[in-house]
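Only one structure is covered here, and it is reproduced in the block below.
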Amino acid sequence: MINWTDQRLLVVAPHPDDELLGCGGLINLVKRSGGQVFVLFVTVGDTRDFSQAGQSTGSEREREIEEVVKHFGVDGHHIALRGSDYHLRLDHLPRQRLIDLLERDSPLSFSEIRPSVVLLPEITSYNQDHKSVAHAGITALRPGPRDERHQPDIVLMYEEVADGWSGESISPRNFYVGIEPIDLDQKIEGLRRYASQWRTHPHTRSEEALRGLAAVRGVQCGQPLAEAFTCLRFTA
């Protein structure tokens, strides 16, 4: 059993809302347990979509971020790369730049925050930004001597409802965190604050989809509700 009170959680989110879709329940669990949570948003920018508005703007999404971090009482957050040169184009960046950003070239880098738990996006996502961040994160967290480079005790990859839509084999869900109804409720309420991204059923970013996934993951580990992850490292 992990004592979340003692943990420093760093969530690496390719875009705002990924952190809640993948681990919003865990974020709330850690905060109400007395632990710390930091969120590094890798990129934010204007996005064309299929909403009624037809798009969301970078400034709109930055305002939503401020509402969300206030809602959860996040201990720190940072946007690394702003604008259309980066947003939805992270696969065009040299991977080394993303690795450096995660390792030490950011106020919320691994070397600055020294987190005990790091959460990365699913590597088999269909989204090019997610895949780029996941690959860079794995390299940045490569094994090495602790006296040379910070080594978090736990490294997890979080899932989103549609991650299986990639044509690739899905990473095994081998790490489950049981959450309470209050954690799931807060996750949903937080996502509603990302108003430009919130959708109605049967969208993958709908309340029904997220509650359904939490129930299924709970059944898989003998809990009423849960979030599931792929564990890359667990150091006892």
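Lettering and numbering for the structure tokens are positional, with chains as A, B, ... in the shown order, residues counted from 1 in each chain, and ligands counted from 1 in the shown order.
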
Shell around A:Pro16 at 8 Å using only C-alpha atoms, local window under 6 positions removed, as a PDB file with N, CA and C atoms, in the first residue's frame:
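Wrote it out as result_13.pdb, contents follow:
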ATOM      1  N   PHE A  41       2.701  21.068 -18.354  1.00  0.00           N
ATOM      2  CA  PHE A  41       1.997  21.064 -19.631  1.00  0.00           C
ATOM      3  C   PHE A  41       3.037  21.299 -20.724  1.00  0.00           C
ATOM      4  N   VAL A  44       0.691  24.151 -25.505  1.00  0.00           N
ATOM      5  CA  VAL A  44      -0.661  24.708 -25.590  1.00  0.00           C
ATOM      6  C   VAL A  44      -0.724  25.584 -26.836  1.00  0.00           C
ATOM      7  N   ARG A  61      -7.479  28.096 -23.513  1.00  0.00           N
ATOM      8  CA  ARG A  61      -7.056  26.913 -22.774  1.00  0.00           C
ATOM      9  C   ARG A  61      -6.144  27.273 -21.601  1.00  0.00           C
ATOM     10  N   ILE A  65      -6.718  26.259 -17.697  1.00  0.00           N
ATOM     11  CA  ILE A  65      -5.682  25.681 -16.832  1.00  0.00           C
ATOM     12  C   ILE A  65      -5.718  26.340 -15.456  1.00  0.00           C
TER      13      ILE A  65
END

> Would you give me, as an NGL selection string, the residues in stretch 60-142 of chain A that DSSP reads as alpha helix (DSSP H)?
Replying inline: :A and (60-72 or 95-103 or 110-113 or 128-140)

> For A:Asp153, which residue out of A:His77, A:Arg104, A:His203, A:Arg114 is the nearest one, using only C-alpha atoms?
Replying inline: A:Arg114

> Which one is closest to A:Ile123: A:Leu88, A:Leu156, A:Leu141, A:Leu225? Count only C-alpha atoms.
Replying inline: A:Leu156

> What gap, in Å, lies between atom CA of A:Gly212 and atom CA of A:Val161?
Replying inline: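 Rounded to one decimal, the two atoms are 9.7 Å apart.
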